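Engineer: Take a look at this one; I'll ask things after.
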Amino acid sequence: MLGNALPHLHGHVHARYRWEPGGLHTGPVWLHGPERSADRHRAGPAHGGLRRDLAAAITGITAQAY
């Protein structure tokens with residue numbers, strides 16, 4: 001969606017955090033620089049339930065579109 005660089009609609013989901021500085025809550029995630037990809041922020045086994053829930057929600061939404 002950003003810049004219409006591809007001929008099809010697509011998007012990315014990026015986690016947002018309470019610790020983010022106020023000026024970055026609504027901007028692009030890449031404004032954080034290397035901090036956003038620090039190992040301590042990576043998803044791991046504790047996030048399995050959240051991943052399943054998100055996948056189910058996205059599957060349900062996209063199934064309704066067709």
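If you're wondering about the labels, chains in the structure tokens are A, B, ... by order shown, residues count from 1 in each chain, ligands from 1 in order shown.
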Among chain A, which residues does DSSP mark as helix (DSSP H, G or I) when it is run on the backbone? Keep the chain and numbering as in the structure and answer as a PyMOL selection string.

Structural biologist: chain A and resi 2-4+22-24+29-37+39-41+45-64

Engineer: Include N, CA and C atoms and write out the residues we just selected as a short mmCIF file (atom, residue, chain, number, x, y, z; two decimals), in the first residue's frame.

Structural biologist:
data_model
loop_
_atom_site.label_atom_id
_atom_site.label_comp_id
_atom_site.auth_asym_id
_atom_site.auth_seq_id
_atom_site.Cartn_x
_atom_site.Cartn_y
_atom_site.Cartn_z
N LEU A 2 1.99 1.18 0.69
CA LEU A 2 2.87 2.34 0.76
C LEU A 2 3.55 2.56 -0.58
N GLY A 3 3.27 3.66 -1.22
CA GLY A 3 3.90 4.01 -2.47
C GLY A 3 3.40 3.26 -3.68
N ASN A 4 2.43 2.37 -3.51
CA ASN A 4 1.90 1.59 -4.63
C ASN A 4 3.01 0.99 -5.48
N GLY A 22 6.60 9.13 22.24
CA GLY A 22 5.32 9.66 21.78
C GLY A 22 5.28 10.08 20.33
N GLY A 23 6.33 10.68 19.82
CA GLY A 23 6.35 11.14 18.45
C GLY A 23 6.42 10.02 17.42
N LEU A 24 6.67 8.79 17.87
CA LEU A 24 6.80 7.67 16.94
C LEU A 24 5.60 6.73 16.97
N VAL A 29 7.32 2.57 11.20
CA VAL A 29 8.16 1.86 12.17
C VAL A 29 9.65 2.02 11.88
N TRP A 30 10.03 2.29 10.65
CA TRP A 30 11.45 2.38 10.35
C TRP A 30 12.10 3.64 10.91
N LEU A 31 11.30 4.56 11.43
CA LEU A 31 11.88 5.75 12.07
C LEU A 31 12.60 5.41 13.37
N HIS A 32 12.34 4.21 13.91
CA HIS A 32 13.02 3.76 15.13
C HIS A 32 14.48 3.42 14.88
N GLY A 33 14.86 3.22 13.65
CA GLY A 33 16.23 2.82 13.34
C GLY A 33 16.49 1.39 13.79
N PRO A 34 17.71 1.07 14.15
CA PRO A 34 18.06 -0.31 14.49
C PRO A 34 17.37 -0.83 15.75
N GLU A 35 16.86 0.03 16.60
CA GLU A 35 16.19 -0.41 17.83
C GLU A 35 15.01 -1.33 17.54
N ARG A 36 14.28 -1.09 16.46
CA ARG A 36 13.09 -1.89 16.18
C ARG A 36 13.41 -3.33 15.83
N SER A 37 14.63 -3.62 15.41
CA SER A 37 14.99 -5.00 15.07
C SER A 37 15.92 -5.63 16.09
N ASP A 39 17.21 -7.86 19.10
CA ASP A 39 16.83 -9.23 19.48
C ASP A 39 15.76 -9.26 20.58
N ARG A 40 15.80 -8.33 21.50
CA ARG A 40 14.84 -8.36 22.62
C ARG A 40 13.41 -8.10 22.18
N HIS A 41 13.22 -7.61 20.95
CA HIS A 41 11.88 -7.34 20.45
C HIS A 41 11.36 -8.41 19.50
N PRO A 45 8.52 -18.15 21.20
CA PRO A 45 7.51 -19.15 21.56
C PRO A 45 6.35 -18.59 22.38
N ALA A 46 6.59 -17.57 23.18
CA ALA A 46 5.53 -16.99 24.00
C ALA A 46 4.47 -16.30 23.15
N HIS A 47 4.76 -16.05 21.90
CA HIS A 47 3.83 -15.35 21.02
C HIS A 47 3.03 -16.28 20.13
N GLY A 48 3.15 -17.60 20.33
CA GLY A 48 2.45 -18.57 19.49
C GLY A 48 0.95 -18.38 19.46
N GLY A 49 0.34 -18.16 20.62
CA GLY A 49 -1.11 -17.95 20.69
C GLY A 49 -1.54 -16.70 19.93
N LEU A 50 -0.78 -15.64 20.09
CA LEU A 50 -1.08 -14.40 19.37
C LEU A 50 -0.97 -14.61 17.86
N ARG A 51 0.05 -15.32 17.43
CA ARG A 51 0.21 -15.60 16.00
C ARG A 51 -0.98 -16.39 15.46
N ARG A 52 -1.41 -17.41 16.20
CA ARG A 52 -2.56 -18.21 15.77
C ARG A 52 -3.82 -17.37 15.69
N ASP A 53 -4.03 -16.51 16.71
CA ASP A 53 -5.22 -15.66 16.72
C ASP A 53 -5.22 -14.67 15.55
N LEU A 54 -4.07 -14.08 15.28
CA LEU A 54 -3.97 -13.14 14.16
C LEU A 54 -4.20 -13.85 12.83
N ALA A 55 -3.60 -15.02 12.67
CA ALA A 55 -3.78 -15.77 11.42
C ALA A 55 -5.24 -16.14 11.22
N ALA A 56 -5.92 -16.56 12.28
CA ALA A 56 -7.34 -16.92 12.17
C ALA A 56 -8.18 -15.70 11.80
N ALA A 57 -7.89 -14.56 12.42
CA ALA A 57 -8.64 -13.34 12.13
C ALA A 57 -8.42 -12.89 10.69
N ILE A 58 -7.18 -12.92 10.23
CA ILE A 58 -6.88 -12.51 8.85
C ILE A 58 -7.52 -13.47 7.86
N THR A 59 -7.45 -14.76 8.15
CA THR A 59 -8.08 -15.75 7.27
C THR A 59 -9.59 -15.52 7.19
N GLY A 60 -10.21 -15.23 8.32
CA GLY A 60 -11.64 -14.96 8.33
C GLY A 60 -12.02 -13.72 7.55
N ILE A 61 -11.23 -12.68 7.70
CA ILE A 61 -11.51 -11.42 6.99
C ILE A 61 -11.33 -11.60 5.48
N THR A 62 -10.24 -12.26 5.10
CA THR A 62 -9.99 -12.40 3.67
C THR A 62 -10.97 -13.39 3.03
N ALA A 63 -11.46 -14.35 3.78
CA ALA A 63 -12.44 -15.30 3.22
C ALA A 63 -13.75 -14.59 2.92
N GLN A 64 -14.10 -13.59 3.69
CA GLN A 64 -15.32 -12.83 3.49
C GLN A 64 -15.23 -11.93 2.25
#

Engineer: How many Å separate CA of Leu9 in chain A from CA of His25 in chain A?

Structural biologist: 23.9 Å

Engineer: Separation of CA of Arg16 in chain A and CA of Arg42 in chain A, in Å?

Structural biologist: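 Those two atoms sit 12.3 Å apart.
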